[in-house]
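Q: This is data-v1.txt, which holds compact mmCIF, C-alpha atoms and all ligand atoms:
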# COMPACT_ATOMS: atom_id res chain seq x y z
CA MET A 1 63.72 104.73 91.83
CA THR A 2 61.18 104.84 94.66
CA GLY A 3 61.37 102.87 97.90
CA ILE A 4 64.36 101.53 99.73
CA PRO A 5 67.18 100.38 97.41
CA LYS A 6 68.27 96.77 97.77
CA VAL A 7 72.02 96.76 97.43
CA LEU A 8 74.26 93.73 97.08
CA SER A 9 77.88 93.41 98.21
CA ILE A 10 79.92 90.65 96.58
CA ALA A 11 83.06 90.54 98.72
CA GLY A 12 85.20 88.84 101.36
CA THR A 13 84.85 89.02 105.14
CA ASP A 14 86.59 90.85 107.97
CA PRO A 15 85.87 89.45 111.45
CA SER A 16 87.03 92.74 113.02
CA GLY A 17 84.19 94.51 111.20
CA GLY A 18 86.34 97.22 109.63
CA ALA A 19 86.56 96.18 105.97
CA GLY A 20 84.96 93.76 103.50
CA ILE A 21 81.36 92.67 103.71
CA GLN A 22 80.98 93.82 107.30
CA ALA A 23 81.97 97.40 106.41
CA ASP A 24 79.71 97.28 103.36
CA LEU A 25 76.65 96.26 105.38
CA LYS A 26 77.29 98.97 107.98
CA THR A 27 77.56 101.54 105.20
CA PHE A 28 74.38 100.34 103.46
CA SER A 29 72.40 100.56 106.72
CA ALA A 30 73.79 103.97 107.65
CA LEU A 31 72.76 105.29 104.24
CA GLY A 32 69.25 103.84 104.33
CA ALA A 33 69.73 100.97 101.88
CA TYR A 34 68.72 97.33 102.40
CA GLY A 35 71.94 95.32 102.38
CA MET A 36 72.47 91.84 100.88
CA THR A 37 75.68 89.81 100.55
CA VAL A 38 77.40 87.12 98.52
CA VAL A 39 80.60 85.94 100.21
CA THR A 40 83.62 85.24 97.99
CA ALA A 41 86.21 84.44 100.68
CA LEU A 42 86.45 83.99 104.43
CA VAL A 43 89.36 86.05 105.65
CA ALA A 44 91.04 85.69 109.05
CA GLN A 45 92.02 89.34 109.42
CA THR A 46 91.86 92.16 111.88
CA THR A 47 93.31 95.66 112.31
CA THR A 48 96.85 94.24 112.28
CA GLY A 49 96.63 92.35 109.00
CA VAL A 50 95.54 89.15 107.29
CA ARG A 51 96.39 85.75 108.85
CA ALA A 52 94.69 83.39 106.40
CA ILE A 53 92.21 83.20 103.52
CA HIS A 54 89.70 80.39 103.01
CA GLU A 55 88.44 80.70 99.46
CA VAL A 56 84.82 80.01 98.57
CA PRO A 57 84.65 77.72 95.51
CA ALA A 58 83.53 79.59 92.38
CA GLU A 59 80.60 77.17 91.91
CA PHE A 60 79.30 78.14 95.34
CA VAL A 61 79.66 81.84 94.58
CA THR A 62 77.49 81.21 91.50
CA GLN A 63 75.01 79.30 93.62
CA GLN A 64 74.73 82.18 96.09
CA LEU A 65 74.26 84.66 93.22
CA ASP A 66 71.62 82.56 91.44
CA THR A 67 69.72 81.82 94.64
CA LEU A 68 69.63 85.45 95.66
CA LEU A 69 69.08 87.20 92.35
CA THR A 70 66.26 84.95 91.12
CA ASP A 71 64.31 85.98 94.24
CA VAL A 72 65.53 89.52 94.99
CA PRO A 73 66.88 91.63 92.12
CA ALA A 74 69.54 94.08 93.26
CA ASP A 75 69.09 97.81 92.61
CA ALA A 76 72.86 98.22 92.77
CA VAL A 77 75.88 95.96 93.24
CA LYS A 78 79.23 96.64 94.86
CA ILE A 79 82.03 94.19 94.09
CA GLY A 80 85.06 93.94 96.38
CA MET A 81 87.52 91.10 97.09
CA LEU A 82 87.31 88.30 94.49
CA SER A 83 90.26 86.20 95.55
CA ASP A 84 90.96 84.33 92.29
CA ALA A 85 90.29 84.15 88.56
CA ARG A 86 87.53 81.52 88.78
CA VAL A 87 85.50 83.63 91.23
CA THR A 88 86.10 86.69 89.03
CA ARG A 89 84.68 84.80 86.03
CA ALA A 90 81.70 83.51 88.08
CA VAL A 91 80.78 87.07 89.08
CA ALA A 92 81.20 88.35 85.50
CA SER A 93 78.91 85.62 84.25
CA ALA A 94 76.19 86.48 86.84
CA LEU A 95 76.38 90.17 85.89
CA ARG A 96 75.78 89.23 82.25
CA ILE A 97 72.72 87.18 83.22
CA TYR A 98 71.08 89.43 85.85
CA ARG A 99 72.16 92.87 84.55
CA PRO A 100 71.80 94.97 87.73
CA PRO A 101 71.24 98.67 86.98
CA TYR A 102 74.41 99.93 88.73
CA VAL A 103 77.68 98.04 89.22
CA VAL A 104 80.48 99.56 91.31
CA LEU A 105 83.72 97.58 91.15
CA ASP A 106 86.39 98.14 93.80
CA PRO A 107 89.29 96.18 92.25
CA VAL A 108 90.61 95.03 95.63
CA MET A 109 94.10 93.52 95.26
CA VAL A 110 96.20 94.17 98.36
CA ALA A 111 95.10 95.23 101.88
CA LYS A 112 96.81 98.23 103.56
CA SER A 113 98.65 95.67 105.67
CA GLY A 114 100.38 94.55 102.44
CA ASP A 115 98.58 91.19 102.20
CA ARG A 116 97.34 90.03 98.78
CA LEU A 117 93.55 89.66 98.46
CA LEU A 118 93.53 88.82 94.74
CA ALA A 119 95.90 86.27 93.22
CA ALA A 120 98.42 88.02 90.95
CA GLU A 121 97.41 85.79 88.02
CA ALA A 122 93.75 86.88 88.42
CA VAL A 123 94.47 90.52 87.47
CA THR A 124 94.12 89.65 83.76
CA SER A 125 90.61 88.17 84.24
CA LEU A 126 89.63 91.15 86.35
CA ARG A 127 90.84 93.52 83.62
CA GLU A 128 89.41 91.61 80.65
CA GLU A 129 86.18 90.12 81.99
CA LEU A 130 84.92 92.33 84.81
CA LEU A 131 86.10 95.86 84.03
CA PRO A 132 83.92 96.17 80.89
CA LEU A 133 80.83 95.17 82.92
CA ALA A 134 81.29 97.82 85.62
CA ASP A 135 79.60 101.24 85.57
CA LEU A 136 82.31 102.62 87.83
CA ILE A 137 85.66 101.27 89.04
CA THR A 138 87.30 102.67 92.19
CA PRO A 139 91.00 101.69 92.21
CA ASN A 140 93.52 103.11 94.66
CA LEU A 141 96.94 104.06 93.29
CA PRO A 142 98.62 100.63 93.62
CA GLU A 143 95.57 98.95 92.03
CA ALA A 144 95.54 101.41 89.11
CA ALA A 145 99.24 100.74 88.56
CA ASP A 146 98.65 96.96 88.57
CA LEU A 147 95.74 97.21 86.14
CA LEU A 148 97.84 99.30 83.75
CA GLY A 149 101.12 97.43 84.30
CA GLU A 150 102.84 100.75 85.12
CA PRO A 151 104.62 102.27 88.12
CA GLU A 152 102.39 103.92 90.74
CA ALA A 153 101.39 107.59 90.19
CA LYS A 154 103.23 110.00 92.50
CA THR A 155 101.53 113.30 91.57
CA LEU A 156 98.07 114.53 90.70
CA ASP A 157 99.14 114.99 87.05
CA GLU A 158 100.34 111.38 86.89
CA MET A 159 97.05 110.31 88.49
CA ARG A 160 95.11 112.16 85.80
CA ASP A 161 97.12 110.44 83.03
CA GLN A 162 96.56 107.03 84.58
CA ALA A 163 92.83 107.65 85.08
CA ARG A 164 92.59 108.47 81.35
CA ARG A 165 94.47 105.30 80.44
CA LEU A 166 92.12 103.27 82.67
CA LEU A 167 89.17 104.64 80.67
CA GLY A 168 91.08 103.46 77.61
CA LEU A 169 90.82 99.87 78.92
CA GLY A 170 87.11 100.01 78.10
CA VAL A 171 85.81 101.02 81.51
CA ARG A 172 82.75 103.30 81.56
CA ARG A 173 83.82 105.50 84.50
CA VAL A 174 86.82 105.67 86.81
CA LEU A 175 87.16 107.04 90.32
CA LEU A 176 90.91 107.02 90.96
CA LYS A 177 91.44 107.42 94.71
CA GLY A 178 94.37 109.53 95.86
CA GLY A 179 94.45 108.64 99.55
CA HIS A 180 97.95 107.14 99.16
CA LEU A 181 99.51 110.48 98.10
CA ASP A 182 100.81 112.88 100.76
CA GLY A 183 99.27 116.26 101.39
CA GLU A 184 96.73 118.10 103.49
CA GLU A 185 93.97 117.14 101.11
CA CYS A 186 92.83 113.76 99.81
CA VAL A 187 92.07 114.24 96.12
CA ASP A 188 90.21 111.65 94.06
CA LEU A 189 89.61 111.96 90.30
CA LEU A 190 86.29 111.01 88.70
CA LEU A 191 86.41 110.50 84.92
CA THR A 192 83.05 109.81 83.29
CA GLY A 193 84.10 110.00 79.64
CA GLU A 194 82.41 113.42 79.44
CA GLU A 195 83.81 115.11 82.54
CA GLU A 196 86.97 115.04 84.64
CA ILE A 197 86.14 116.05 88.19
CA GLU A 198 88.50 116.58 91.16
CA LEU A 199 86.92 115.59 94.45
CA THR A 200 88.77 117.03 97.40
CA ALA A 201 88.42 116.50 101.15
CA PRO A 202 90.63 117.58 104.03
CA ARG A 203 92.97 114.75 105.12
CA VAL A 204 91.68 113.56 108.50
CA PRO A 205 94.63 113.18 110.89
CA THR A 206 93.97 109.61 112.01
CA ARG A 207 95.78 106.29 111.63
CA ASN A 208 92.40 104.54 111.76
CA THR A 209 91.85 104.12 108.03
CA HIS A 210 91.05 100.40 107.83
CA GLY A 211 88.19 99.93 105.38
CA THR A 212 88.18 103.36 103.70
CA GLY A 213 88.07 101.88 100.19
CA CYS A 214 85.31 99.40 101.08
CA THR A 215 83.27 102.15 102.72
CA LEU A 216 83.57 104.53 99.76
CA SER A 217 82.59 101.98 97.11
CA SER A 218 79.66 100.64 99.12
CA ALA A 219 78.45 104.19 99.88
CA ILE A 220 78.47 104.88 96.13
CA ALA A 221 76.43 101.71 95.47
CA ALA A 222 73.98 102.54 98.29
CA LEU A 223 73.45 106.12 97.13
CA ARG A 224 73.46 105.75 93.32
CA PRO A 225 69.83 104.49 92.94
CA ARG A 226 68.52 107.63 94.71
CA HIS A 227 70.88 110.25 93.25
CA GLU A 228 70.71 112.09 89.94
CA GLY A 229 74.01 110.99 88.45
CA TRP A 230 77.50 109.67 89.19
CA PRO A 231 79.21 112.97 90.16
CA ASP A 232 76.51 113.82 92.76
CA THR A 233 76.56 110.28 94.09
CA VAL A 234 80.33 110.12 94.41
CA ARG A 235 80.47 113.54 96.15
CA ALA A 236 77.86 112.41 98.70
CA ALA A 237 79.68 109.10 99.26
CA LYS A 238 83.00 110.88 99.84
CA ASP A 239 81.31 113.21 102.34
CA TYR A 240 79.97 110.17 104.17
CA LEU A 241 83.43 108.59 104.27
CA THR A 242 85.07 111.79 105.51
CA GLY A 243 82.53 111.90 108.36
CA ALA A 244 83.21 108.26 109.20
CA LEU A 245 86.98 108.98 109.23
CA ARG A 246 86.43 112.00 111.52
CA ALA A 247 84.55 109.72 113.94
CA ALA A 248 87.14 106.91 113.74
CA ASP A 249 89.12 108.01 116.80
CA THR A 250 86.00 107.78 118.99
CA LEU A 251 86.38 104.00 118.54
CA ALA A 252 89.21 101.95 120.01
CA VAL A 253 89.27 98.74 117.99
CA GLY A 254 92.33 96.50 117.85
CA HIS A 255 96.06 97.13 118.04
CA GLY A 256 96.72 98.12 114.42
CA ARG A 257 95.02 100.46 111.98
CA GLY A 258 91.50 100.75 113.41
CA PRO A 259 88.32 101.04 111.36
CA VAL A 260 86.32 104.10 110.38
CA HIS A 261 83.12 104.59 112.38
CA HIS A 262 79.70 104.25 110.74
CA PHE A 263 78.12 106.38 113.42
CA HIS A 264 74.44 107.10 113.61
CA ALA A 265 73.16 110.45 114.75
CA ILE A 266 70.89 108.94 117.43
CA TRP A 267 71.98 106.69 120.26
N1 LIG A 301 93.13 110.38 106.17
C1 LIG A 301 92.17 110.56 105.26
N2 LIG A 301 91.34 111.62 105.35
C2 LIG A 301 90.35 111.82 104.44
N3 LIG A 301 90.12 111.00 103.40
C3 LIG A 301 90.93 109.92 103.26
C4 LIG A 301 91.99 109.64 104.17
N4 LIG A 301 92.62 108.49 103.77
C5 LIG A 301 91.97 108.09 102.66
N5 LIG A 301 90.97 108.95 102.34
C6 LIG A 301 90.00 108.81 101.25
O1 LIG A 301 89.47 107.49 101.38
C7 LIG A 301 89.17 106.93 100.11
C8 LIG A 301 89.95 105.63 99.92
O2 LIG A 301 91.29 105.91 100.09
P1 LIG A 301 92.58 105.25 99.44
O3 LIG A 301 93.52 105.18 100.59
O4 LIG A 301 93.01 106.04 98.28
O5 LIG A 301 92.09 103.82 98.94
P2 LIG A 301 92.10 102.38 99.67
O6 LIG A 301 91.41 102.54 100.99
O7 LIG A 301 91.34 101.53 98.69
O8 LIG A 301 93.55 102.01 99.79
C9 LIG A 301 89.54 108.03 99.11
O9 LIG A 301 88.37 108.79 98.86
C10 LIG A 301 90.58 108.84 99.84
O10 LIG A 301 90.67 110.15 99.31
C1 LIG A 302 87.68 91.25 102.76
C2 LIG A 302 88.41 92.51 102.50
N1 LIG A 302 88.11 93.23 101.42
C3 LIG A 302 88.78 94.37 101.15
C4 LIG A 302 89.79 94.79 101.99
C5 LIG A 302 90.55 96.05 101.70
O1 LIG A 302 89.92 97.05 102.34
P1 LIG A 302 90.21 98.61 102.19
O2 LIG A 302 88.92 99.32 102.34
O3 LIG A 302 90.97 98.88 100.95
O4 LIG A 302 91.06 98.92 103.45
P2 LIG A 302 92.30 98.16 104.08
O5 LIG A 302 91.86 96.90 104.70
O6 LIG A 302 93.25 97.97 102.96
O7 LIG A 302 92.71 99.14 105.12
C6 LIG A 302 90.07 94.02 103.13
N2 LIG A 302 91.03 94.38 104.00
N3 LIG A 302 89.37 92.87 103.35
So, in terms of C-alpha cells, how does the structure I just supplied come out?
Ligand SMILES: Nc1ncnc2c1ncn2[C@@H]1O[C@H](COP(=O)(O)OP(=O)(O)O)[C@@H](O)[C@H]1O
Ligand SMILES: Cc1ncc(COP(=O)(O)OP(=O)(O)O)c(N)n1
A:
Amino acid sequence: MTGIPKVLSIAGTDPSGGAGIQADLKTFSALGAYGMTVVTALVAQTTTGVRAIHEVPAEFVTQQLDTLLTDVPADAVKIGMLSDARVTRAVASALRIYRPPYVVLDPVMVAKSGDRLLAAEAVTSLREELLPLADLITPNLPEAADLLGEPEAKTLDEMRDQARRLLGLGVRRVLLKGGHLDGEECVDLLLTGEEEIELTAPRVPTRNTHGTGCTLSSAIAALRPRHEGWPDTVRAAKDYLTGALRAADTLAVGHGRGPVHHFHAIW
C-alpha cells in the first residue's frame, strides 16, 4: 500500500497507559501508522493489577465499528481484550462485513497480574467464531493452553507441538510467544502453514514488562501493510518491542510491573 496505514485497535483500556488501547495507540504512532480505536471494556487497572471491569454492551461495540468503518476503512486491525462472548460475536460479525485486509488477534485472556480479561465461558466463541477470521493469532503460553484445553508448554519442543495444534484449529498463522519460559533468550514461534520460524531476542533484564503482548500485536498490525510478508513484519515488530523493553527502566511508572517505553528518537 502507499500512504500512511490506518490501523484499528479493538480492545480494552488501561488508565496507566501501559497496556490495552493506550499501548496500541502509542505503538501505532511510534511506527508511523494512523491509529483508531473501538473500546470493548473500560478497565480500572494499573501496574499493580486490575481493580474492576466495566463492560461495553455488545450492541455499542457494533455501533462503534459500523460508525467508524463505514467512514474510514481500516488497512489493518488488531484485536485485544474482548471481555465476553457477546462482544466476541459482535467483532466477528463486523469482520465478516467489512473484511479488513489484515487481522491480528491477540487472544487476551488473563493479565500478568492474574486477573481475567475474558470470561472463561467466552473461550469457545473466541475459538470457534474469531480464530478462523484472523490472519495471525498471537497467544502467550497460558492462552495457547486454554485454546487447546491442554496443560501449558514448558519447553520449546512442547511449544512447537502446541503451535502446530493451534494451526489445526483452522487458524491461518500462529505466533506463539515464549516470554513465559525461562532462559536468556525469549523465543517466539511463527507458523505460517508453509514455514516454521524461530524468532529469538535476548531477554531484557527488567521487571517492567506490562503491555508486552499488546505492544507486539499492535506493532505487527501497524507494520504489516508496509512490509512484504508476515515473517518480515513479525521480525520488525519483535525488534521494536525489544527496543521498548530496553528503554522501560528509563521510565518510573507505578509501584508494580511498569510499562515498556514507546520512546521516540527525538525529544
Ligand atoms: N524480558 C523480556 N525481554 C525480551 N523480550 C521479552 C521479555 N518478556 C517478554 N518478551 C517478549 O515479549 C512478547 C510478549 O511476551 P509474552 O510474555 O510471551 O506474552 P504476554 O505479554 O502476552 O504475556 C514476546 O515476543 C516475548 O518473547
Ligand atoms: C485492556 C487490557 N488488554 C490487555 C491486557 C494484557 O496485556 P499484556 O500486553 O498481555 O500485558 P500484561 O498487562 O498482562 O502485563 C491488559 N492488561 N489490559
Q: Can you check which parts of chain A lie within 9 Å of ligand LIG 302 (chain A)? Per residue, the shortest pair of atoms and distance in Å to one decimal, counting all atoms listed in the file, sorted by chain and number, as JSON lines.
A:
{"residue": "A:Ala11", "atom": "CA", "partner": "A:LIG302", "partner_atom": "C1", "distance": 6.2}
{"residue": "A:Gly12", "atom": "CA", "partner": "A:LIG302", "partner_atom": "C1", "distance": 3.7}
{"residue": "A:Thr13", "atom": "CA", "partner": "A:LIG302", "partner_atom": "C1", "distance": 4.3}
{"residue": "A:Asp14", "atom": "CA", "partner": "A:LIG302", "partner_atom": "C1", "distance": 5.3}
{"residue": "A:Gly18", "atom": "CA", "partner": "A:LIG302", "partner_atom": "O5", "distance": 7.4}
{"residue": "A:Ala19", "atom": "CA", "partner": "A:LIG302", "partner_atom": "C6", "distance": 5.0}
{"residue": "A:Gly20", "atom": "CA", "partner": "A:LIG302", "partner_atom": "C1", "distance": 3.8}
{"residue": "A:Ile21", "atom": "CA", "partner": "A:LIG302", "partner_atom": "C1", "distance": 6.5}
{"residue": "A:Gln22", "atom": "CA", "partner": "A:LIG302", "partner_atom": "C1", "distance": 8.5}
{"residue": "A:Ala23", "atom": "CA", "partner": "A:LIG302", "partner_atom": "O2", "distance": 8.3}
{"residue": "A:Thr40", "atom": "CA", "partner": "A:LIG302", "partner_atom": "C1", "distance": 8.7}
{"residue": "A:Ala41", "atom": "CA", "partner": "A:LIG302", "partner_atom": "C1", "distance": 7.3}
{"residue": "A:Leu42", "atom": "CA", "partner": "A:LIG302", "partner_atom": "C1", "distance": 7.6}
{"residue": "A:Val43", "atom": "CA", "partner": "A:LIG302", "partner_atom": "C1", "distance": 6.2}
{"residue": "A:Gln45", "atom": "CA", "partner": "A:LIG302", "partner_atom": "N2", "distance": 7.5}
{"residue": "A:Thr46", "atom": "CA", "partner": "A:LIG302", "partner_atom": "N2", "distance": 8.2}
{"residue": "A:Thr47", "atom": "CA", "partner": "A:LIG302", "partner_atom": "O5", "distance": 7.8}
{"residue": "A:Gly49", "atom": "CA", "partner": "A:LIG302", "partner_atom": "N2", "distance": 7.8}
{"residue": "A:Val50", "atom": "CA", "partner": "A:LIG302", "partner_atom": "N2", "distance": 7.6}
{"residue": "A:Gly80", "atom": "CA", "partner": "A:LIG302", "partner_atom": "N1", "distance": 5.9}
{"residue": "A:Met81", "atom": "CA", "partner": "A:LIG302", "partner_atom": "N1", "distance": 4.9}
{"residue": "A:Leu82", "atom": "CA", "partner": "A:LIG302", "partner_atom": "N1", "distance": 8.5}
{"residue": "A:Asp106", "atom": "CA", "partner": "A:LIG302", "partner_atom": "O3", "distance": 8.5}
{"residue": "A:Val108", "atom": "CA", "partner": "A:LIG302", "partner_atom": "C3", "distance": 5.9}
{"residue": "A:Met109", "atom": "CA", "partner": "A:LIG302", "partner_atom": "C5", "distance": 7.8}
{"residue": "A:Val110", "atom": "CA", "partner": "A:LIG302", "partner_atom": "O6", "distance": 6.7}
{"residue": "A:Ala111", "atom": "CA", "partner": "A:LIG302", "partner_atom": "O6", "distance": 3.5}
{"residue": "A:Lys112", "atom": "CA", "partner": "A:LIG302", "partner_atom": "O6", "distance": 3.6}
{"residue": "A:Ser113", "atom": "CA", "partner": "A:LIG302", "partner_atom": "O6", "distance": 6.5}
{"residue": "A:Gly114", "atom": "CA", "partner": "A:LIG302", "partner_atom": "O6", "distance": 7.9}
{"residue": "A:Asp115", "atom": "CA", "partner": "A:LIG302", "partner_atom": "N2", "distance": 8.4}
{"residue": "A:Leu117", "atom": "CA", "partner": "A:LIG302", "partner_atom": "C2", "distance": 7.1}
{"residue": "A:Asn140", "atom": "CA", "partner": "A:LIG302", "partner_atom": "O3", "distance": 8.0}
{"residue": "A:Asn208", "atom": "CA", "partner": "A:LIG302", "partner_atom": "O7", "distance": 8.6}
{"residue": "A:Thr209", "atom": "CA", "partner": "A:LIG302", "partner_atom": "O7", "distance": 5.8}
{"residue": "A:His210", "atom": "CA", "partner": "A:LIG302", "partner_atom": "O7", "distance": 3.4}
{"residue": "A:Gly211", "atom": "CA", "partner": "A:LIG302", "partner_atom": "O2", "distance": 3.2}
{"residue": "A:Thr212", "atom": "CA", "partner": "A:LIG302", "partner_atom": "O2", "distance": 4.3}
{"residue": "A:Gly213", "atom": "CA", "partner": "A:LIG302", "partner_atom": "O2", "distance": 3.4}
{"residue": "A:Cys214", "atom": "CA", "partner": "A:LIG302", "partner_atom": "O2", "distance": 3.8}
{"residue": "A:Thr215", "atom": "CA", "partner": "A:LIG302", "partner_atom": "O2", "distance": 6.3}
{"residue": "A:Leu216", "atom": "CA", "partner": "A:LIG302", "partner_atom": "O2", "distance": 7.9}
{"residue": "A:Ser217", "atom": "CA", "partner": "A:LIG302", "partner_atom": "O2", "distance": 8.6}
{"residue": "A:Arg257", "atom": "CA", "partner": "A:LIG302", "partner_atom": "O7", "distance": 7.4}
{"residue": "A:Gly258", "atom": "CA", "partner": "A:LIG302", "partner_atom": "O7", "distance": 8.5}
{"residue": "A:Pro259", "atom": "CA", "partner": "A:LIG302", "partner_atom": "O7", "distance": 7.9}
Q: Which value, in Å to one decimal, gives the distance between atom CA of Val104 of chain A and atom N3 of ligand LIG 301 (chain A)?
A: 19.2 Å
Q: Give the residue list for ligand LIG 301 (chain A) at 7 Å, counting all atoms listed in the file, as a ChimeraX atom specification, sorted by chain and then by residue number.
A: /A:112,139-141,177-180,186-188,201-206,209,211-214,216,238,241-242,245
Q: Choose the residue, out of A:Leu148, A:Ala44, A:Leu166, A:Leu251, that has the smallest atom-to-atom separation from Thr124 of chain A; count only C-alpha atoms.
A: A:Leu148
Q: So which one's closest to Ala76 of chain A, A:Ile53, A:Val260, A:Leu95, A:Ala163? Using all atoms listed in the file, please.
A: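 Checking each of A:Ile53, A:Val260, A:Leu95, A:Ala163 against Ala76 of chain A, counting all atoms listed in the file, the winner is A:Leu95.
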Q: Go ahead and compute the interatomic distance for atom CA of Glu196 of chain A and atom CA of Leu175 of chain A, in Å to one decimal.
A: 9.8 Å
Q: Find the spatial neighbours of segment 126-137 of chain A, counting only C-alpha atoms, within a cut-off of 9 Å - ignore same-chain residues fewer than 6 positions away - and output them as a PDB file with C-alpha atoms, in the frame of the given file.
A:
ATOM      1  CA  LEU A  82      87.310  88.300  94.490  1.00  0.00           C
ATOM      2  CA  ALA A  85      90.290  84.150  88.560  1.00  0.00           C
ATOM      3  CA  THR A  88      86.100  86.690  89.030  1.00  0.00           C
ATOM      4  CA  ARG A  89      84.680  84.800  86.030  1.00  0.00           C
ATOM      5  CA  VAL A  91      80.780  87.070  89.080  1.00  0.00           C
ATOM      6  CA  ALA A  92      81.200  88.350  85.500  1.00  0.00           C
ATOM      7  CA  SER A  93      78.910  85.620  84.250  1.00  0.00           C
ATOM      8  CA  LEU A  95      76.380  90.170  85.890  1.00  0.00           C
ATOM      9  CA  ARG A  96      75.780  89.230  82.250  1.00  0.00           C
ATOM     10  CA  PRO A 101      71.240  98.670  86.980  1.00  0.00           C
ATOM     11  CA  TYR A 102      74.410  99.930  88.730  1.00  0.00           C
ATOM     12  CA  VAL A 103      77.680  98.040  89.220  1.00  0.00           C
ATOM     13  CA  VAL A 104      80.480  99.560  91.310  1.00  0.00           C
ATOM     14  CA  LEU A 105      83.720  97.580  91.150  1.00  0.00           C
ATOM     15  CA  ASP A 106      86.390  98.140  93.800  1.00  0.00           C
ATOM     16  CA  PRO A 107      89.290  96.180  92.250  1.00  0.00           C
ATOM     17  CA  LEU A 147      95.740  97.210  86.140  1.00  0.00           C
ATOM     18  CA  LEU A 169      90.820  99.870  78.920  1.00  0.00           C
ATOM     19  CA  GLY A 170      87.110 100.010  78.100  1.00  0.00           C
ATOM     20  CA  VAL A 171      85.810 101.020  81.510  1.00  0.00           C
ATOM     21  CA  ARG A 172      82.750 103.300  81.560  1.00  0.00           C
ATOM     22  CA  ARG A 173      83.820 105.500  84.500  1.00  0.00           C
ATOM     23  CA  VAL A 174      86.820 105.670  86.810  1.00  0.00           C
ATOM     24  CA  LEU A 175      87.160 107.040  90.320  1.00  0.00           C
ATOM     25  CA  LEU A 176      90.910 107.020  90.960  1.00  0.00           C
ATOM     26  CA  THR A 192      83.050 109.810  83.290  1.00  0.00           C
ATOM     27  CA  SER A 217      82.590 101.980  97.110  1.00  0.00           C
ATOM     28  CA  TRP A 230      77.500 109.670  89.190  1.00  0.00           C
TER      29      TRP A 230
END
Q: At what distance in Å, to one decimal, does atom CA of Val123 of chain A lie from atom CA of Gly149 of chain A?
A: 10.1 Å
Q: At a cut-off of 7 Å, using all atoms listed in the file, what residues contact segment 28-34 of chain A? Leave out same-chain residues fewer than 4 positions from it and give the result as an MDAnalysis selection string.
A: chainID A and resid 4:7 24 218:219 222 262 264
Q: Need the neighbours of (78.3, 81.5, 95.7): which residues are at most 12 Å away, counting all atoms listed in the file, as an mmCIF file with C-alpha atoms, keeping the file's coordinate frame?
A:
data_model
loop_
_atom_site.group_PDB
_atom_site.id
_atom_site.type_symbol
_atom_site.label_atom_id
_atom_site.label_comp_id
_atom_site.auth_asym_id
_atom_site.auth_seq_id
_atom_site.Cartn_x
_atom_site.Cartn_y
_atom_site.Cartn_z
ATOM 1 C CA ILE A 10 79.920 90.650 96.580
ATOM 2 C CA ALA A 11 83.060 90.540 98.720
ATOM 3 C CA GLY A 12 85.200 88.840 101.360
ATOM 4 C CA THR A 37 75.680 89.810 100.550
ATOM 5 C CA VAL A 38 77.400 87.120 98.520
ATOM 6 C CA VAL A 39 80.600 85.940 100.210
ATOM 7 C CA THR A 40 83.620 85.240 97.990
ATOM 8 C CA ALA A 41 86.210 84.440 100.680
ATOM 9 C CA GLU A 55 88.440 80.700 99.460
ATOM 10 C CA VAL A 56 84.820 80.010 98.570
ATOM 11 C CA PRO A 57 84.650 77.720 95.510
ATOM 12 C CA ALA A 58 83.530 79.590 92.380
ATOM 13 C CA GLU A 59 80.600 77.170 91.910
ATOM 14 C CA PHE A 60 79.300 78.140 95.340
ATOM 15 C CA VAL A 61 79.660 81.840 94.580
ATOM 16 C CA THR A 62 77.490 81.210 91.500
ATOM 17 C CA GLN A 63 75.010 79.300 93.620
ATOM 18 C CA GLN A 64 74.730 82.180 96.090
ATOM 19 C CA LEU A 65 74.260 84.660 93.220
ATOM 20 C CA ASP A 66 71.620 82.560 91.440
ATOM 21 C CA THR A 67 69.720 81.820 94.640
ATOM 22 C CA LEU A 68 69.630 85.450 95.660
ATOM 23 C CA LEU A 69 69.080 87.200 92.350
ATOM 24 C CA LEU A 82 87.310 88.300 94.490
ATOM 25 C CA ARG A 86 87.530 81.520 88.780
ATOM 26 C CA VAL A 87 85.500 83.630 91.230
ATOM 27 C CA THR A 88 86.100 86.690 89.030
ATOM 28 C CA ALA A 90 81.700 83.510 88.080
ATOM 29 C CA VAL A 91 80.780 87.070 89.080
ATOM 30 C CA ALA A 94 76.190 86.480 86.840
#
Q: In file coordinates, which residues lie within 12 Å of (75.4, 111.8, 89.8) using all atoms listed in the file, given as a ChimeraX atom specification?
A: /A:102,136,173,190,192,195,197,220-221,223-237
Q: Let me make sure I understand: among A:Gly17, A:Asp182, A:Glu121, A:Thr200, which one has the smallest atom-to-atom distance to Thr155 of chain A if we use only C-alpha atoms?
A: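 Closest candidate: A:Asp182.
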Q: Restrict the output to segment 48-55 of chain A and N, CA and C atoms, then write it as an mmCIF file, in the first residue's frame.
A:
data_model
loop_
_atom_site.group_PDB
_atom_site.id
_atom_site.type_symbol
_atom_site.label_atom_id
_atom_site.label_comp_id
_atom_site.auth_asym_id
_atom_site.auth_seq_id
_atom_site.Cartn_x
_atom_site.Cartn_y
_atom_site.Cartn_z
ATOM 1 N N THR A 48 -0.156 -2.453 39.096
ATOM 2 C CA THR A 48 -0.280 -3.438 40.178
ATOM 3 C C THR A 48 -1.414 -4.433 39.947
ATOM 4 N N GLY A 49 -2.212 -4.234 38.915
ATOM 5 C CA GLY A 49 -3.274 -5.194 38.641
ATOM 6 C C GLY A 49 -4.588 -4.530 38.286
ATOM 7 N N VAL A 50 -5.614 -5.374 38.149
ATOM 8 C CA VAL A 50 -6.938 -4.922 37.707
ATOM 9 C C VAL A 50 -7.852 -4.791 38.920
ATOM 10 N N ARG A 51 -8.499 -3.628 39.085
ATOM 11 C CA ARG A 51 -9.457 -3.447 40.199
ATOM 12 C C ARG A 51 -10.877 -3.774 39.774
ATOM 13 N N ALA A 52 -11.256 -3.337 38.563
ATOM 14 C CA ALA A 52 -12.643 -3.535 38.133
ATOM 15 C C ALA A 52 -12.738 -3.427 36.612
ATOM 16 N N ILE A 53 -13.789 -4.069 36.085
ATOM 17 C CA ILE A 53 -14.034 -4.005 34.628
ATOM 18 C C ILE A 53 -15.466 -3.547 34.389
ATOM 19 N N HIS A 54 -15.637 -2.534 33.560
ATOM 20 C CA HIS A 54 -16.955 -2.055 33.172
ATOM 21 C C HIS A 54 -17.127 -2.417 31.702
ATOM 22 N N GLU A 55 -17.964 -3.425 31.452
ATOM 23 C CA GLU A 55 -18.069 -3.923 30.075
ATOM 24 C C GLU A 55 -18.855 -2.972 29.193
#
